[in-house]
$ cat upload_20.txt   # compact mmCIF, C-alpha atoms and all ligand atoms
# COMPACT_ATOMS: atom_id res chain seq x y z
CA MET A 1404 15.45 143.43 87.38
CA LYS A 1405 18.83 142.48 88.83
CA VAL A 1406 21.59 142.27 86.26
CA TYR A 1407 23.80 139.24 85.75
CA ILE A 1408 27.42 140.41 85.47
CA SER A 1409 30.59 138.52 84.70
CA ASN A 1410 33.88 139.11 86.54
CA MET A 1411 35.19 141.07 83.55
CA GLU A 1412 32.11 143.25 83.38
CA LEU A 1413 32.31 143.98 87.09
CA ILE A 1414 35.94 144.95 86.78
CA SER A 1415 35.32 147.28 83.86
CA ILE A 1416 32.43 148.91 85.76
CA LEU A 1417 34.71 149.37 88.80
CA LYS A 1418 37.42 150.85 86.56
CA GLU A 1419 35.00 153.31 85.04
CA ILE A 1420 33.79 154.44 88.48
CA CYS A 1421 37.38 154.80 89.72
CA ARG A 1422 38.27 156.95 86.70
CA LYS A 1423 35.19 159.11 86.96
CA THR A 1424 35.36 159.66 90.70
CA ASN A 1425 39.09 159.53 91.19
CA ILE A 1426 38.54 157.01 94.02
CA LYS A 1427 40.88 154.05 94.46
CA CYS A 1428 39.21 150.67 94.67
CA TYR A 1429 40.57 147.20 95.41
CA ILE A 1430 39.12 143.71 95.32
CA VAL A 1431 40.44 141.97 98.42
CA GLY A 1432 40.40 138.81 100.50
CA GLY A 1433 38.72 135.51 99.69
CA PHE A 1434 37.70 136.33 96.13
CA ILE A 1435 41.30 136.95 95.07
CA ARG A 1436 42.57 133.92 97.03
CA ASP A 1437 39.99 131.70 95.36
CA PHE A 1438 40.61 133.23 91.94
CA PHE A 1439 44.23 132.05 92.11
CA LEU A 1440 43.14 128.66 93.41
CA GLY A 1441 40.65 128.30 90.57
CA VAL A 1442 37.77 128.08 93.06
CA LYS A 1443 34.45 129.82 92.34
CA ASN A 1444 33.55 132.45 94.91
CA TYR A 1445 30.46 134.62 94.67
CA ASP A 1446 31.29 136.85 97.63
CA ILE A 1447 33.31 139.84 96.54
CA ASP A 1448 34.92 142.15 99.07
CA ILE A 1449 35.77 145.58 97.77
CA THR A 1450 37.85 148.08 99.70
CA ILE A 1451 37.69 151.74 98.84
CA GLU A 1452 40.23 154.38 99.80
CA GLY A 1453 37.52 156.86 100.61
CA ASN A 1454 33.81 156.69 101.31
CA GLY A 1455 32.68 153.09 100.74
CA ILE A 1456 28.99 153.94 100.98
CA GLU A 1457 29.14 156.62 98.28
CA PHE A 1458 31.04 154.22 96.04
CA ALA A 1459 28.47 151.47 96.66
CA LYS A 1460 25.62 153.80 95.67
CA ILE A 1461 27.33 154.62 92.36
CA LEU A 1462 28.18 150.96 91.71
CA ASN A 1463 24.62 149.90 92.28
CA LYS A 1464 23.40 152.28 89.57
CA TYR A 1465 25.25 150.03 87.12
CA ILE A 1466 24.37 146.71 88.73
CA ASN A 1467 20.82 147.40 89.86
CA GLY A 1468 21.11 144.99 92.77
CA THR A 1469 19.73 145.29 96.28
CA LEU A 1470 21.76 147.84 98.18
CA LYS A 1471 22.08 147.79 101.95
CA VAL A 1472 23.97 150.51 103.77
CA TYR A 1473 25.47 150.06 107.22
CA ASP A 1474 26.15 153.64 108.33
CA LYS A 1475 27.64 152.62 111.66
CA PHE A 1476 30.46 150.65 110.01
CA LYS A 1477 30.60 152.79 106.85
CA THR A 1478 30.07 149.65 104.77
CA ALA A 1479 27.50 148.59 102.23
CA SER A 1480 26.50 145.43 100.46
CA ILE A 1481 24.95 144.83 97.07
CA THR A 1482 23.17 141.60 96.31
CA ALA A 1483 23.29 141.18 92.55
CA GLU A 1484 21.93 138.35 90.46
CA ASN A 1485 25.07 136.25 90.79
CA TYR A 1486 27.18 138.01 93.45
CA ILE A 1487 27.13 139.44 96.90
CA ILE A 1488 29.41 142.45 96.92
CA ASP A 1489 30.56 143.94 100.22
CA ILE A 1490 32.03 147.41 100.01
CA ALA A 1491 34.05 148.86 102.86
CA SER A 1492 36.27 151.85 103.41
CA ALA A 1493 39.93 150.93 103.88
CA ARG A 1494 40.57 150.71 107.60
CA CYS A 1495 43.03 149.63 110.18
CA GLU A 1496 41.94 147.91 113.34
CA TYR A 1497 43.33 147.59 116.78
CA TYR A 1498 42.19 145.57 119.74
CA LYS A 1499 41.76 147.20 123.15
CA TYR A 1500 42.18 143.83 124.82
CA PRO A 1501 42.53 140.22 123.60
CA ALA A 1502 39.47 138.83 121.80
CA ALA A 1503 37.71 142.20 121.90
CA LEU A 1504 35.88 143.38 118.83
CA PRO A 1505 38.31 145.65 116.98
CA VAL A 1506 38.34 149.44 117.14
CA VAL A 1507 38.25 150.71 113.58
CA LYS A 1508 40.04 153.72 112.02
CA PHE A 1509 39.96 154.69 108.36
CA SER A 1510 43.21 154.29 106.48
CA ASP A 1511 44.70 153.26 103.16
CA ILE A 1512 44.92 149.89 101.42
CA LYS A 1513 48.34 149.11 102.93
CA GLU A 1514 47.02 149.31 106.48
CA ASP A 1515 43.82 147.59 105.50
CA ILE A 1516 45.78 144.61 104.24
CA ALA A 1517 48.09 144.55 107.24
CA ARG A 1518 45.15 144.04 109.63
CA ARG A 1519 44.06 140.83 107.89
CA ASP A 1520 44.44 137.28 109.13
CA PHE A 1521 46.56 135.13 106.79
CA THR A 1522 48.86 135.94 103.91
CA ILE A 1523 46.58 134.07 101.50
CA ASN A 1524 43.85 136.54 102.47
CA MET A 1525 46.17 139.53 102.21
CA LEU A 1526 46.17 139.72 98.44
CA ALA A 1527 44.41 142.58 96.71
CA TYR A 1528 43.64 143.53 93.14
CA ASP A 1529 44.21 147.19 92.37
CA VAL A 1530 41.40 147.81 89.90
CA LEU A 1531 42.61 151.04 88.33
CA ASN A 1532 46.18 149.85 87.79
CA ASP A 1533 45.18 146.31 86.90
CA ALA A 1534 47.77 144.96 89.35
CA ILE A 1535 47.93 142.41 92.14
CA ILE A 1536 49.13 143.77 95.47
CA ASP A 1537 51.04 141.15 97.41
CA TYR A 1538 52.95 142.77 100.29
CA TYR A 1539 53.27 139.56 102.32
CA ASN A 1540 54.05 136.81 99.80
CA GLY A 1541 50.50 135.56 99.73
CA LEU A 1542 50.94 134.23 96.18
CA LYS A 1543 53.97 132.20 97.26
CA ASP A 1544 52.01 130.80 100.20
CA LEU A 1545 49.12 129.93 97.91
CA GLN A 1546 51.56 128.09 95.69
CA ASN A 1547 53.22 126.32 98.62
CA LYS A 1548 49.83 125.61 100.21
CA VAL A 1549 50.61 127.31 103.48
CA ILE A 1550 48.49 129.13 106.08
CA ARG A 1551 50.63 131.84 107.66
CA VAL A 1552 50.11 134.85 109.88
CA ILE A 1553 52.40 137.85 109.77
CA ASN A 1554 51.65 139.16 113.20
CA ASP A 1555 52.69 137.28 116.35
CA LYS A 1556 49.68 138.62 118.22
CA SER A 1557 47.19 137.68 115.53
CA PHE A 1558 45.55 134.79 117.43
CA ILE A 1559 45.62 136.61 120.73
CA ASP A 1560 43.96 139.72 119.32
CA ASP A 1561 41.38 137.64 117.53
CA PRO A 1562 41.19 133.98 118.59
CA THR A 1563 38.48 133.29 115.98
CA ARG A 1564 41.46 133.22 113.62
CA ILE A 1565 42.47 129.92 115.22
CA PHE A 1566 39.24 128.43 113.90
CA ARG A 1567 39.71 130.17 110.58
CA ALA A 1568 43.20 128.69 110.18
CA LEU A 1569 41.81 125.20 110.72
CA ARG A 1570 38.95 125.86 108.32
CA TYR A 1571 41.20 127.04 105.49
CA SER A 1572 43.71 124.30 106.16
CA GLY A 1573 40.99 121.63 105.92
CA ARG A 1574 39.20 123.25 103.00
CA TYR A 1575 42.21 123.66 100.74
CA GLY A 1576 44.45 120.92 102.14
CA PHE A 1577 46.98 123.59 103.20
CA LYS A 1578 49.58 123.11 105.91
CA ILE A 1579 49.69 125.46 108.86
CA ASP A 1580 53.17 126.99 108.78
CA ASP A 1581 55.45 126.05 111.68
CA LYS A 1582 55.56 129.43 113.36
CA THR A 1583 51.84 129.92 112.90
CA ASP A 1584 51.30 126.49 114.43
CA ILE A 1585 53.31 127.50 117.49
CA LEU A 1586 51.34 130.73 117.80
CA ILE A 1587 48.06 128.79 117.68
CA LYS A 1588 49.29 126.44 120.41
CA LYS A 1589 50.39 129.37 122.54
CA ALA A 1590 47.01 131.06 122.18
CA VAL A 1591 45.11 127.85 122.96
CA ASN A 1592 47.31 126.94 125.92
CA GLY A 1593 47.16 130.53 127.13
CA GLY A 1594 43.37 130.19 127.46
CA PHE A 1595 42.54 132.73 124.76
CA ILE A 1596 39.74 130.65 123.23
CA LYS A 1597 37.75 131.15 126.42
CA LYS A 1598 38.03 134.91 125.99
CA LEU A 1599 35.80 134.70 122.94
CA SER A 1600 32.10 135.10 123.43
CA ASN A 1601 30.18 131.84 123.21
CA ASP A 1602 28.26 133.22 120.23
CA ARG A 1603 31.46 133.72 118.28
CA ILE A 1604 32.70 130.23 119.19
CA ILE A 1605 29.53 128.42 118.12
CA ASN A 1606 29.39 130.51 114.96
CA GLU A 1607 32.83 129.15 114.02
CA ILE A 1608 31.65 125.58 114.67
CA PHE A 1609 28.70 126.09 112.35
CA LEU A 1610 31.11 127.39 109.71
CA PHE A 1611 33.06 124.11 110.09
CA LEU A 1612 29.89 122.18 109.38
CA LYS A 1613 29.47 123.96 106.04
CA GLU A 1614 32.81 122.70 104.75
CA ASN A 1615 33.37 119.59 102.62
CA LYS A 1616 36.17 118.39 104.87
CA THR A 1617 34.54 118.91 108.24
CA ASP A 1618 36.15 115.72 109.58
CA LEU A 1619 39.71 116.95 108.99
CA ILE A 1620 38.92 120.32 110.48
CA ILE A 1621 37.36 118.88 113.65
CA GLU A 1622 40.23 116.39 113.92
CA SER A 1623 42.79 119.16 113.91
CA MET A 1624 40.67 121.18 116.31
CA ILE A 1625 40.80 118.22 118.68
CA SER A 1626 44.53 117.78 118.20
CA TYR A 1627 45.13 121.41 119.19
CA GLY A 1628 43.23 120.70 122.41
CA ILE A 1629 40.44 123.13 121.55
CA GLN A 1630 37.62 120.68 122.08
CA LYS A 1631 38.03 120.70 125.85
CA GLU A 1632 37.90 124.50 125.89
CA ILE A 1633 34.63 124.71 124.04
CA PHE A 1634 32.75 121.46 124.67
CA ASP A 1635 34.25 120.24 127.94
CA ASN A 1636 33.77 116.45 128.15
CA ILE A 1637 31.38 116.03 125.24
CA LYS A 1638 32.72 113.35 122.94
CA LEU A 1639 32.60 114.57 119.36
CA ASN A 1640 31.92 112.25 116.45
CA ILE A 1641 33.47 112.79 113.04
CA LYS A 1642 32.49 109.49 111.43
CA LYS A 1643 30.54 110.17 108.21
CA ILE A 1644 30.31 113.85 109.09
CA ASN A 1645 31.23 114.88 105.53
CA SER A 1646 28.22 113.06 104.13
CA THR A 1647 25.28 114.95 102.69
CA ILE A 1648 21.55 114.45 102.43
CA ASN A 1649 19.35 115.01 99.40
CA ASN A 1650 16.68 117.02 101.13
CA GLY A 1651 16.48 118.84 104.41
CA ASP A 1652 18.87 120.91 106.41
CA ILE A 1653 22.42 119.74 105.85
CA ILE A 1654 23.85 121.84 108.68
CA LEU A 1655 21.36 120.42 111.18
CA TYR A 1656 22.18 116.92 109.91
CA ARG A 1657 25.91 117.43 110.40
CA PHE A 1658 25.34 119.06 113.76
CA LEU A 1659 23.52 115.88 114.83
CA LEU A 1660 26.37 113.72 113.54
CA LEU A 1661 28.93 115.85 115.38
CA PHE A 1662 27.06 115.28 118.64
CA TYR A 1663 25.88 111.78 117.81
CA ASN A 1664 27.30 110.32 121.03
CA ILE A 1665 26.04 113.04 123.32
CA ASP A 1666 24.21 112.20 126.55
CA ASP A 1667 21.75 114.17 128.66
CA LYS A 1668 24.55 115.90 130.54
CA GLY A 1669 26.14 116.97 127.26
CA ILE A 1670 22.89 118.43 125.99
CA GLU A 1671 22.51 120.30 129.27
CA TYR A 1672 26.03 121.70 128.84
CA LEU A 1673 25.33 122.91 125.28
CA LEU A 1674 22.04 124.40 126.37
CA ASN A 1675 23.60 126.31 129.24
CA ARG A 1676 26.63 127.56 127.40
CA TYR A 1677 25.50 128.27 123.87
CA ASN A 1678 22.63 130.24 122.56
CA LEU A 1679 21.61 127.50 120.14
CA ARG A 1680 18.48 127.85 118.10
CA ARG A 1681 15.62 125.73 119.37
CA LYS A 1682 15.59 123.46 116.36
CA TYR A 1683 19.12 122.25 117.18
CA ILE A 1684 18.41 121.43 120.78
CA GLU A 1685 15.08 119.82 120.00
CA ALA A 1686 16.60 117.67 117.26
CA LEU A 1687 19.39 116.63 119.60
CA LYS A 1688 16.91 115.57 122.26
CA GLU A 1689 14.90 113.73 119.64
CA LEU A 1690 18.05 111.95 118.49
CA LEU A 1691 18.91 110.83 121.98
CA LEU A 1692 15.41 109.55 122.65
CA THR A 1693 15.16 107.69 119.34
CA LYS A 1694 18.60 106.13 119.81
CA ASN A 1695 17.47 104.80 123.16
CA ASN A 1696 14.54 103.07 121.45
CA LEU A 1697 16.61 101.49 118.70
CA CYS A 1698 17.44 98.42 120.80
CA PHE A 1699 13.80 97.37 120.54
CA LEU A 1700 13.91 97.31 116.76
CA LYS A 1701 14.63 93.89 115.32
CA ASP A 1702 14.66 92.41 111.81
CA ASN A 1703 11.17 90.99 112.15
CA CYS A 1704 9.67 94.04 113.81
CA ASP A 1705 6.01 94.83 113.32
CA ASN A 1706 5.32 97.68 110.88
CA ILE A 1707 3.16 99.49 113.41
CA TYR A 1708 5.97 99.49 115.93
CA ILE A 1709 8.38 100.82 113.30
CA TYR A 1710 5.90 103.45 112.21
CA ASN A 1711 5.28 104.64 115.76
CA THR A 1712 8.99 104.76 116.53
CA PHE A 1713 9.74 107.09 113.63
CA LYS A 1714 6.53 108.88 112.77
CA ASN A 1715 7.31 112.15 114.58
CA ILE A 1716 11.05 112.13 114.00
CA LYS A 1717 12.67 114.88 111.95
CA TYR A 1718 14.12 113.82 108.63
CA GLU A 1719 17.62 114.99 109.62
CA VAL A 1720 17.50 112.92 112.81
CA LEU A 1721 16.42 109.87 110.84
CA MET A 1722 19.21 110.38 108.33
CA ALA A 1723 21.81 110.83 111.05
CA ILE A 1724 20.72 107.55 112.64
CA ASN A 1725 20.53 105.84 109.28
CA ILE A 1726 24.13 106.63 108.39
CA SER A 1727 25.53 105.88 111.84
CA GLU A 1728 23.86 102.63 112.85
CA ASP A 1729 24.31 99.01 111.76
CA VAL A 1730 22.71 97.34 108.76
CA THR A 1731 19.61 96.09 110.63
CA ILE A 1732 18.64 99.59 111.70
CA LYS A 1733 19.46 100.96 108.22
CA LYS A 1734 17.13 98.40 106.64
CA ILE A 1735 14.34 99.28 109.03
CA ILE A 1736 14.75 103.03 108.49
CA ASN A 1737 14.80 102.60 104.71
CA HIS A 1738 11.69 100.45 104.95
CA TYR A 1739 10.05 103.20 107.01
CA ILE A 1740 11.07 105.94 104.58
CA ASN A 1741 10.21 104.09 101.39
CA HIS A 1742 7.09 102.18 102.43
CA LEU A 1743 5.58 103.51 105.63
CA SER A 1744 6.24 107.22 106.02
CA HIS A 1745 3.97 108.27 103.13
CA ILE A 1746 0.99 106.15 104.08
CA LYS A 1747 -2.21 108.16 104.21
CA LEU A 1748 -5.83 107.12 104.48
CA THR A 1749 -8.15 107.81 101.58
CA VAL A 1750 -11.25 107.39 103.75
CA ASN A 1751 -12.38 109.85 106.41
CA GLY A 1752 -15.15 110.74 108.83
CA ASN A 1753 -17.56 111.50 105.97
CA ASP A 1754 -17.28 107.93 104.78
CA ILE A 1755 -18.15 106.70 108.28
CA ARG A 1756 -21.16 109.00 108.40
CA ASN A 1757 -22.23 107.86 104.94
CA ALA A 1758 -22.03 104.29 106.24
CA GLY A 1759 -24.66 105.29 108.80
CA LEU A 1760 -22.85 105.96 112.07
CA ASN A 1761 -23.46 109.12 114.10
CA PRO A 1762 -20.34 111.20 114.84
CA GLY A 1763 -18.54 110.36 118.08
CA PRO A 1764 -15.21 109.28 119.57
CA VAL A 1765 -15.51 105.92 117.87
CA TYR A 1766 -14.71 107.65 114.54
CA SER A 1767 -11.07 108.10 115.44
CA ILE A 1768 -10.85 104.50 116.72
CA ILE A 1769 -12.19 103.20 113.41
CA LEU A 1770 -9.87 105.41 111.35
CA GLN A 1771 -6.88 104.41 113.47
CA LYS A 1772 -7.69 100.73 112.98
CA ILE A 1773 -7.94 101.17 109.22
CA PHE A 1774 -4.69 103.09 109.24
CA ASN A 1775 -2.96 100.32 111.22
CA ALA A 1776 -4.25 97.73 108.77
CA LYS A 1777 -2.76 99.80 105.93
CA VAL A 1778 0.58 100.16 107.71
CA GLN A 1779 0.60 96.39 108.23
CA GLY A 1780 0.00 95.90 104.52
CA LYS A 1781 -3.32 94.13 105.11
CA ILE A 1782 -5.18 96.56 102.87
CA LYS A 1783 -3.78 98.55 99.97
CA ASN A 1784 -6.34 100.64 98.10
CA HIS A 1785 -9.38 102.81 98.58
CA ASP A 1786 -11.89 99.98 98.02
CA GLU A 1787 -10.22 97.81 100.63
CA GLU A 1788 -10.20 100.74 103.08
CA LEU A 1789 -13.86 101.35 102.45
CA ASN A 1790 -14.75 97.67 102.91
CA LEU A 1791 -12.92 97.54 106.22
CA LEU A 1792 -14.60 100.77 107.28
CA LYS A 1793 -18.04 99.30 106.57
CA LEU A 1794 -17.12 96.16 108.48
CA TYR A 1795 -16.19 98.20 111.56
CA VAL A 1796 -19.27 100.40 111.24
CA ASN A 1797 -21.52 97.34 111.14
CA LYS A 1798 -19.77 95.88 114.18
CA VAL A 1799 -20.25 99.11 116.12
CA LYS A 1800 -23.90 99.27 115.08
CA LYS A 1801 -24.35 95.73 116.43
CA GLY A 1802 -22.65 96.75 119.64
CA GLU A 1803 -19.68 94.46 119.04
CA LEU A 1804 -16.18 95.32 120.12
CA ILE A 1805 -13.82 96.43 117.37
N1 LIG B 1901 39.34 138.70 108.14
C1 LIG B 1901 40.35 138.74 109.08
N2 LIG B 1901 40.14 138.25 110.34
C2 LIG B 1901 38.96 137.72 110.69
C3 LIG B 1901 37.91 137.68 109.75
C4 LIG B 1901 38.14 138.16 108.47
O1 LIG B 1901 41.42 139.21 108.77
N3 LIG B 1901 38.76 137.25 111.92
C5 LIG B 1901 39.57 139.24 106.79
C6 LIG B 1901 40.27 138.29 105.85
O2 LIG B 1901 41.15 139.06 105.06
C7 LIG B 1901 39.19 137.75 104.96
C8 LIG B 1901 38.21 138.92 104.90
O3 LIG B 1901 38.34 139.58 106.17
O4 LIG B 1901 39.67 137.42 103.70
C9 LIG B 1901 36.78 138.50 104.70
O5 LIG B 1901 36.38 137.60 105.71
P1 LIG B 1901 35.40 136.41 105.42
O6 LIG B 1901 34.30 136.87 104.57
O7 LIG B 1901 35.09 135.75 106.72
O8 LIG B 1901 36.33 135.37 104.66
P2 LIG B 1901 36.65 135.11 103.16
O9 LIG B 1901 38.06 135.50 102.92
O10 LIG B 1901 35.63 135.70 102.26
O11 LIG B 1901 36.66 133.52 103.11
P3 LIG B 1901 35.51 132.46 103.20
O12 LIG B 1901 35.61 131.76 101.91
O13 LIG B 1901 35.85 131.61 104.37
O14 LIG B 1901 34.21 133.19 103.41
$ encode --input "upload_20.txt" --output "structure tokens"
Amino acid sequence: MKVYISNMELISILKEICRKTNIKCYIVGGFIRDFFLGVKNYDIDITIEGNGIEFAKILNKYINGTLKVYDKFKTASITAENYIIDIASARCEYYKYPAALPVVKFSDIKEDIARRDFTINMLAYDVLNDAIIDYYNGLKDLQNKVIRVINDKSFIDDPTRIFRALRYSGRYGFKIDDKTDILIKKAVNGGFIKKLSNDRIINEIFLFLKENKTDLIIESMISYGIQKEIFDNIKLNIKKINSTINNGDIILYRFLLLFYNIDDKGIEYLLNRYNLRRKYIEALKELLLTKNNLCFLKDNCDNIYIYNTFKNIKYEVLMAINISEDVTIKKIINHYINHLSHIKLTVNGNDIRNAGLNPGPVYSIILQKIFNAKVQGKIKNHDEELNLLKLYVNKVKKGELI
């Protein structure tokens, strides 16, 4: 059984291991940043001055989580009851060329911190000495609500950091410091976004969609002129993009809102450039098609027409339309969801056979007619379905049209 551990318990376990093994261990990055911001974070990054994998194996004896070892990167992760703990060996990184994946060399905590993106992510907790390491005034920046890089080449070496700056700025309501802002503009105008692989770009966009303030983040992305670099002429939508849905896939829903105004050409562009999972492209096509049919929906629309318009539409597509369109469409969609979408027949082919008709294609015609009558509200319960079924069966027996 996995063990539930509190922050304090984890720290005392780490301390004990450090003492026993004489290995130095630090909690770094987002967990420390969020601790000072009073934000819950269940992802803990631990940096070891030494062999991270060996340390992870010892730690997991205490925690009894699920240990995964990544030999190639000399890292490990432990999924515990209430945490995901990533353990890495302290390293420094350098980039052979802009936007390349970094070349990694093992080092000490000082170098490990220096390679990191923003000062608010450059804080570390020295477990053994019970002390916060703050070489770059990260605490001051947290207090002043500022996103700041310490390295002028930061965005050129790793342009994903441009997206990360926007994400943190939107998430915490932090300002991007003036010099950092200039460096972002230089990197964008210098064409460095395009040096990133398309997979890394779209991954950052999906991370935006997970945030509570997606609208602010996308807005600032647009104001930095990044949109053109990554989506060409596609017009992005941010209206209602922070909204949530009760069921279903929230990321897919927000993805559909982001591209709510897309046209066929836009979908083609996304398809060609990004390796999007099929469900995203299919939902986008479904959205476009359904939107094109909305003009036929009126206040006094027939239930069967409404049912047929929406019956095969994904929930997330429906919800995206529901929140974006005018009150008439909203009313119709709510009517569909609340009254039509769950309709099921309680009669079936056996009932038709019991009524004395030999199996054949007419079965599905009869069942469809009963279903339509139910959708139209003409019949409501099993008895009424059965009566209508018998009526149709008798007509067929007499050779009458149904
Ligand atoms: N990091 C970095 N540059 C990147 C990605 C990550 O310097 N391009 C560093 C940062 O120090 C960051 C740490 O690696 O704190 C872990 O990265 P990640 O898990 O992506 O971020 P978190 O800090 O955990 O923040 P989030 O809440 O966004 O996950």
$ atom_distance --input "upload_20.txt" --atom1 "atom CA of A:Ser1572" --atom2 "atom CA of A:Tyr1500"
27.1 Å
$ residues_near_ligand --input "upload_20.txt" --ligand "ligand LIG 1901 (chain B)" --cutoff "10 Å" --atoms "all atoms listed in the file" --output "PyMOL selection string"
chain A and resi 1431-1437+1442-1449+1489+1496+1504-1505+1515-1527+1552+1557-1558+1560-1568+1570-1571+1574+1610-1611+1614
$ write_last_selection --input "upload_20.txt" --atoms "C-alpha atoms" --output "PDB file, in the frame of the given file"
ATOM      1  CA  VAL A1431      40.440 141.970  98.420  1.00  0.00           C
ATOM      2  CA  GLY A1432      40.400 138.810 100.500  1.00  0.00           C
ATOM      3  CA  GLY A1433      38.720 135.510  99.690  1.00  0.00           C
ATOM      4  CA  PHE A1434      37.700 136.330  96.130  1.00  0.00           C
ATOM      5  CA  ILE A1435      41.300 136.950  95.070  1.00  0.00           C
ATOM      6  CA  ARG A1436      42.570 133.920  97.030  1.00  0.00           C
ATOM      7  CA  ASP A1437      39.990 131.700  95.360  1.00  0.00           C
ATOM      8  CA  VAL A1442      37.770 128.080  93.060  1.00  0.00           C
ATOM      9  CA  LYS A1443      34.450 129.820  92.340  1.00  0.00           C
ATOM     10  CA  ASN A1444      33.550 132.450  94.910  1.00  0.00           C
ATOM     11  CA  TYR A1445      30.460 134.620  94.670  1.00  0.00           C
ATOM     12  CA  ASP A1446      31.290 136.850  97.630  1.00  0.00           C
ATOM     13  CA  ILE A1447      33.310 139.840  96.540  1.00  0.00           C
ATOM     14  CA  ASP A1448      34.920 142.150  99.070  1.00  0.00           C
ATOM     15  CA  ILE A1449      35.770 145.580  97.770  1.00  0.00           C
ATOM     16  CA  ASP A1489      30.560 143.940 100.220  1.00  0.00           C
ATOM     17  CA  GLU A1496      41.940 147.910 113.340  1.00  0.00           C
ATOM     18  CA  LEU A1504      35.880 143.380 118.830  1.00  0.00           C
ATOM     19  CA  PRO A1505      38.310 145.650 116.980  1.00  0.00           C
ATOM     20  CA  ASP A1515      43.820 147.590 105.500  1.00  0.00           C
ATOM     21  CA  ILE A1516      45.780 144.610 104.240  1.00  0.00           C
ATOM     22  CA  ALA A1517      48.090 144.550 107.240  1.00  0.00           C
ATOM     23  CA  ARG A1518      45.150 144.040 109.630  1.00  0.00           C
ATOM     24  CA  ARG A1519      44.060 140.830 107.890  1.00  0.00           C
ATOM     25  CA  ASP A1520      44.440 137.280 109.130  1.00  0.00           C
ATOM     26  CA  PHE A1521      46.560 135.130 106.790  1.00  0.00           C
ATOM     27  CA  THR A1522      48.860 135.940 103.910  1.00  0.00           C
ATOM     28  CA  ILE A1523      46.580 134.070 101.500  1.00  0.00           C
ATOM     29  CA  ASN A1524      43.850 136.540 102.470  1.00  0.00           C
ATOM     30  CA  MET A1525      46.170 139.530 102.210  1.00  0.00           C
ATOM     31  CA  LEU A1526      46.170 139.720  98.440  1.00  0.00           C
ATOM     32  CA  ALA A1527      44.410 142.580  96.710  1.00  0.00           C
ATOM     33  CA  VAL A1552      50.110 134.850 109.880  1.00  0.00           C
ATOM     34  CA  SER A1557      47.190 137.680 115.530  1.00  0.00           C
ATOM     35  CA  PHE A1558      45.550 134.790 117.430  1.00  0.00           C
ATOM     36  CA  ASP A1560      43.960 139.720 119.320  1.00  0.00           C
ATOM     37  CA  ASP A1561      41.380 137.640 117.530  1.00  0.00           C
ATOM     38  CA  PRO A1562      41.190 133.980 118.590  1.00  0.00           C
ATOM     39  CA  THR A1563      38.480 133.290 115.980  1.00  0.00           C
ATOM     40  CA  ARG A1564      41.460 133.220 113.620  1.00  0.00           C
ATOM     41  CA  ILE A1565      42.470 129.920 115.220  1.00  0.00           C
ATOM     42  CA  PHE A1566      39.240 128.430 113.900  1.00  0.00           C
ATOM     43  CA  ARG A1567      39.710 130.170 110.580  1.00  0.00           C
ATOM     44  CA  ALA A1568      43.200 128.690 110.180  1.00  0.00           C
ATOM     45  CA  ARG A1570      38.950 125.860 108.320  1.00  0.00           C
ATOM     46  CA  TYR A1571      41.200 127.040 105.490  1.00  0.00           C
ATOM     47  CA  ARG A1574      39.200 123.250 103.000  1.00  0.00           C
ATOM     48  CA  LEU A1610      31.110 127.390 109.710  1.00  0.00           C
ATOM     49  CA  PHE A1611      33.060 124.110 110.090  1.00  0.00           C
ATOM     50  CA  GLU A1614      32.810 122.700 104.750  1.00  0.00           C
TER      51      GLU A1614
END
$ residues_around --input "upload_20.txt" --residues "stretch 1653-1669 of chain A" --least-positions-apart "4" --cutoff "7 Å" --atoms "all atoms listed in the file" --output "list of chain:residue names"
A:Leu1612, A:Lys1613, A:Ile1637, A:Lys1638, A:Leu1639, A:Asn1640, A:Ile1641, A:Ile1644, A:Thr1647, A:Ile1648, A:Leu1673, A:Tyr1683, A:Leu1687, A:Glu1719, A:Val1720, A:Ala1723
$ closest_residue --input "upload_20.txt" --among "A:Gly1752, A:Gly1455, A:Gly1576, A:Gly1802" --to "A:Tyr1766" --atoms "all atoms listed in the file"
A:Gly1752
$ closest_residue --input "upload_20.txt" --among "A:Ser1767, A:Ser1409, A:Ser1727, A:Asn1741" --to "A:Asn1753" --atoms "only C-alpha atoms"
A:Ser1767
$ closest_residue --input "upload_20.txt" --among "A:Ile1608, A:Ile1420, A:Leu1700, A:Met1722" --to "A:Leu1679" --atoms "all atoms listed in the file"
A:Ile1608
$ closest_residue --input "upload_20.txt" --among "A:Leu1743, A:Ile1426, A:Val1750, A:Leu1792" --to "A:Gly1780" --atoms "all atoms listed in the file"
A:Leu1743
$ residues_around --input "upload_20.txt" --residues "A:Leu1531" --least-positions-apart "2" --cutoff "9 Å" --atoms "only C-alpha atoms" --output "list in words"
Leu1417, Lys1418, Glu1419, Cys1421, Arg1422, Lys1427, Cys1428, Tyr1429, Tyr1528, Asp1529, Asp1533 and Ala1534 of chain A
$ closest_residue --input "upload_20.txt" --among "A:Asn1485, A:Glu1412, A:Lys1460, A:Thr1450" --to "A:Ser1510" --atoms "only C-alpha atoms"
A:Thr1450
$ atom_distance --input "upload_20.txt" --atom1 "atom CA of A:Lys1589" --atom2 "atom CA of A:Asn1606"
22.4 Å
$ atom_distance --input "upload_20.txt" --atom1 "atom CA of A:Ile1488" --atom2 "atom CA of A:Asn1454"
15.5 Å
$ residues_around --input "upload_20.txt" --residues "stretch 1546-1551 of chain A" --least-positions-apart "6" --cutoff "6 Å" --atoms "all atoms listed in the file" --output "PyMOL selection string"
chain A and resi 1521-1522+1577-1580+1583
$ closest_residue --input "upload_20.txt" --among "A:Asn1703, A:Asn1463, A:Asn1775, A:Asn1601" --to "A:Tyr1677" --atoms "all atoms listed in the file"
A:Asn1601
